[in-house]
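Step one of this worksheet: look at the structure below.
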Amino acid sequence: MIIDKKERLRLLPAVHEVVEELLSTDNIHTNNEVTWAVRRVLQKARDIILQRENPEDIVLNRKDKQEVFWNYPEEEFIRFFREWLINEVKDMLKGTDLSLRRVINATGVVLHTNCGRALLAREVVDYVAQLAMSYNNLELDLEKGTRGSRYTHVEKMLQELSGAEAALVVNNNAAAVLLIMNTLANQREVIVSRGELVEVGGSFRIPDVIKAGGAKLVEVGTTNKTWSRDYSEALNENSALLLKVHTSNYRIEGFHHEVDLSNLVDLGEKNNIPVVNDLGSGSFIDGVDLGIPKEPTIQEAVKAGASLITFSGDKLLGGPQAGIIVGKKDLIDKLKKNQLTRALRIDKLSLAALIGTLRLYEKEDIEKIPIWRMLSLKGSDLLKEAQNLQKGISNLTTVEAEVQEHASCVGGGALPTANLPSFVCAIRPLQGSVVNLERFLLHGDIPILTRIVKERIILDPRTLLPEDYQIIIDRLSEW
Ligand SMILES: *Cc1c(COP(=O)(O)O)cnc(C)c1O
């Protein structure tokens with residue numbers, strides 16, 4: 001039966017009718033909000049009806065089945081459409097139609113770049129919320145009652161934690177490197193080993209940032225081996241910086257040599273050239289106690305004598321997106337005077353989140369930093385969690401689950417060779433394909449991100465939060 005589209009459009013309810021019905025049982029939302037949502041959903045319905053060949057896209061997703069009501073007789077169509085409309089409006093009012101939203105990360109990748117990298121601790125978020133909802137002294141010197149600097153709030157903390165003379169914070173680590181290039185090497189040369197010309201995800205490439213900062217890249221050595229004499233042979237009167245980049249997202253193994261930071265510092269001092277160390281995933285903790293491979297720490301880079309050290313706020317530091325620079329005071333002062341610093345400046349919410357996170361390091365309350373809690377979970381902890389999840393899933397008739405031994409990784413361009421021993425829940429659908437189940441999990445109200453290994457969906461408890469378990473079980477029950 002061919003249904004006349006115009007005929008069906010005439011059956012759609014008027015906005016005010018639906019708004020009244022919804023408001024009669026809803027005392028949270030205002031008339032304006034509900035009207036906005038009803039208008040949008042009705043417009044969406046009209047668009048589907050008019051533009052699509054097959055308006056059967058308007059379907060009711062019931063727990064047991066999908067109700068395709070496009071072809072139903074008039075009265076039934078009206079009734080089902082009303083139900084569909086009200087569901088959609090309620091979803092919209094909950095914000096589940098927003099593009100940026102919460103997802104469940106069941107991949108076990110702790111610093112998942114596509115999922116926003118580091119999670120913030122509860123008390124850090126409380127501190128940010130408090131500052132966001134009130135006025136604060138961001139650029140007010142309370143002692144003198146005069147204009148102050150946003151950087152003072154964080155500089156002392158960074159000095160004490162890193163051991164450096166001075167510190168500055170900008171928008172992200174890419175901005176930190178750019179600012180250094182532009183301030184200290186504009187129109188001059190920056191010497192970097194060919195083994196360290198890193199590309200980070202999202203098309204950040206060290207050579208491009210050097211160029212964007214107005215500096216000229218001078219590559220030395222080879223991909224696998226660079227020696228001190230390679231750097232010294234490249235030095236000339238136009239050399240501005242020696243740059244050492246921590247290859248935080250890959251490792252060269254085998255026939256390999258790089259110049260230690262301290263040897264590079266010796267060379268820099270002899271020639272009066274500052275040495276900059278881009279640590280990437282800068283960390284105050286080397287991870288060895290937690291059984292993960294050693295990362296060069298920020299404190300070690302300071303001790304080795306680097307003039308400036310840069311790192312991200314949201315990688316192994318476990319804070320907000322930020323670019324942190326610590327090092328020699330005269331150089332930091334020059335950076336602060338560059339006009340570009342204003343363009344690259346950190347905003348107050350990120351600054352607050354960074355301060356809150358640094359406070360946890362000061363108190364040595366590392367367990368409270370979510371990424372370090374996740375990274376330090378032991379096999380026995382994860383086995384228990386995986387078993388809990390498996391037990392919850394075992395009651396379902398839709399999928400089958402078993403506990404398997406696996407490895408999770410750090411992610412976020414950090415510790416590429418680290419495999420953290422994990423126990424996971426491996427799921428097999430009892431009907432339908434694994435690929436479709438993966439997509440089904442990703443397309444729920446709260447998207448669940450998983451990975452497929454050997455025809456199984458892997459749920460890694462390392463990156464799951466306590467409230468995620470029931471949501472996963474509920475979604476799987478709808479399959
Ligand atoms: C991640 C990374 C960057 C970029 O840091 P963002 O904070 O993402 O801008 C720069 N250099 C290295 C070595 C990195 O690993």
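Just so we're on the same page: first chain in the structure tokens is A, next is B, and so on; residues restart at 1 for each chain, and ligands are numbered from 1 in the order they show up.
Considering only C-alpha atoms and all ligand atoms, every residue of the polymer chains approaching ligand 1 to 7 Å or closer is listed here: Asn172, Asn173, Ala174, Ala175, Val198, Val200, Phe204, Val245, His246, Thr247, Ser248, Asn249, Asp278, Leu279, Gly280, Ser281, Phe311, Ser312, Gly313, Asp314, Gln321, Ala322, Gly323 and Gly413 of chain A.
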Residues near Ile273 in chain A, anyone? I mean within 7 Å using only C-alpha atoms, not counting same-chain ones fewer than 2 positions away, as a list in words.
Ala240, Leu241, Leu242, Gly268, Glu269, Asn271 and Val275 of chain A
Include all heavy atoms and write out the residues we just selected as a PDB file, in the first residue's frame.
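Final output, result-v2.pdb:
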```
ATOM      1  N   ALA A 240      69.936  28.318  17.345  1.00  0.00           N
ATOM      2  CA  ALA A 240      69.230  28.932  18.482  1.00  0.00           C
ATOM      3  C   ALA A 240      68.971  27.930  19.595  1.00  0.00           C
ATOM      4  O   ALA A 240      69.104  28.260  20.771  1.00  0.00           O
ATOM      5  CB  ALA A 240      67.909  29.522  18.009  1.00  0.00           C
ATOM      6  N   LEU A 241      68.592  26.705  19.225  1.00  0.00           N
ATOM      7  CA  LEU A 241      68.206  25.713  20.235  1.00  0.00           C
ATOM      8  C   LEU A 241      68.644  24.312  19.848  1.00  0.00           C
ATOM      9  O   LEU A 241      68.710  23.967  18.661  1.00  0.00           O
ATOM     10  CB  LEU A 241      66.668  25.667  20.383  1.00  0.00           C
ATOM     11  CG  LEU A 241      65.909  26.902  20.841  1.00  0.00           C
ATOM     12  CD1 LEU A 241      64.409  26.657  20.714  1.00  0.00           C
ATOM     13  CD2 LEU A 241      66.271  27.245  22.283  1.00  0.00           C
ATOM     14  N   LEU A 242      68.888  23.501  20.877  1.00  0.00           N
ATOM     15  CA  LEU A 242      68.997  22.056  20.684  1.00  0.00           C
ATOM     16  C   LEU A 242      67.687  21.488  21.233  1.00  0.00           C
ATOM     17  O   LEU A 242      67.318  21.783  22.374  1.00  0.00           O
ATOM     18  CB  LEU A 242      70.181  21.500  21.479  1.00  0.00           C
ATOM     19  CG  LEU A 242      71.573  21.893  20.978  1.00  0.00           C
ATOM     20  CD1 LEU A 242      72.623  21.600  22.057  1.00  0.00           C
ATOM     21  CD2 LEU A 242      71.914  21.140  19.702  1.00  0.00           C
ATOM     22  N   GLY A 268      75.205  21.825  24.939  1.00  0.00           N
ATOM     23  CA  GLY A 268      74.546  23.133  24.923  1.00  0.00           C
ATOM     24  C   GLY A 268      75.295  24.145  25.772  1.00  0.00           C
ATOM     25  O   GLY A 268      75.511  25.285  25.348  1.00  0.00           O
ATOM     26  N   GLU A 269      75.732  23.709  26.971  1.00  0.00           N
ATOM     27  CA  GLU A 269      76.437  24.638  27.870  1.00  0.00           C
ATOM     28  C   GLU A 269      77.757  25.105  27.277  1.00  0.00           C
ATOM     29  O   GLU A 269      78.111  26.271  27.355  1.00  0.00           O
ATOM     30  CB  GLU A 269      76.633  23.998  29.251  1.00  0.00           C
ATOM     31  CG  GLU A 269      75.374  24.154  30.086  1.00  0.00           C
ATOM     32  CD  GLU A 269      75.385  23.354  31.384  1.00  0.00           C
ATOM     33  OE1 GLU A 269      76.395  22.657  31.659  1.00  0.00           O
ATOM     34  OE2 GLU A 269      74.356  23.412  32.095  1.00  0.00           O
ATOM     35  N   ASN A 271      78.483  25.470  24.252  1.00  0.00           N
ATOM     36  CA  ASN A 271      78.262  26.361  23.111  1.00  0.00           C
ATOM     37  C   ASN A 271      77.274  27.481  23.405  1.00  0.00           C
ATOM     38  O   ASN A 271      76.889  28.228  22.501  1.00  0.00           O
ATOM     39  CB  ASN A 271      77.779  25.544  21.909  1.00  0.00           C
ATOM     40  CG  ASN A 271      78.856  24.603  21.410  1.00  0.00           C
ATOM     41  OD1 ASN A 271      79.727  25.005  20.651  1.00  0.00           O
ATOM     42  ND2 ASN A 271      78.815  23.359  21.872  1.00  0.00           N
ATOM     43  N   VAL A 275      68.984  24.050  25.747  1.00  0.00           N
ATOM     44  CA  VAL A 275      68.477  22.735  25.347  1.00  0.00           C
ATOM     45  C   VAL A 275      67.010  22.632  25.790  1.00  0.00           C
ATOM     46  O   VAL A 275      66.698  22.821  26.963  1.00  0.00           O
ATOM     47  CB  VAL A 275      69.297  21.606  26.003  1.00  0.00           C
ATOM     48  CG1 VAL A 275      68.659  20.242  25.730  1.00  0.00           C
ATOM     49  CG2 VAL A 275      70.727  21.646  25.504  1.00  0.00           C
TER      50      VAL A 275
END
```
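Here the question is which of A:Asp97, A:Asp230, A:Asp460, A:Asp141 gets nearest to Ala37 in chain A using only C-alpha atoms, and that residue is A:Asp97.
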Please produce, as a tab-separated table, a per-residue contact table for range 96-159 of chain A versus range 441-444 of chain A (criterion: any atom at most 12 Å away, only C-alpha atoms considered), showing the nearest atom pair and its distance in Å to one decimal, sorted by chain then residue number.
```
residue	atom	partner	partner_atom	distance
A:Thr96	CA	A:Gly444	CA	9.7
A:Asp97	CA	A:Gly444	CA	11.2
A:Arg101	CA	A:Gly444	CA	11.9
A:Arg102	CA	A:Gly444	CA	11.4
A:Val103	CA	A:Leu442	CA	8.6
A:Ile104	CA	A:Leu442	CA	9.0
A:Asn105	CA	A:Leu442	CA	10.2
A:Ala106	CA	A:Leu441	CA	10.5
```
If we count only C-alpha atoms, what is near range 46-50 of chain A at a cut-off of 8 Å, once residues fewer than 5 positions away on the same chain are taken out, given as a PyMOL selection string?
chain A and resi 5+9+55+57-58
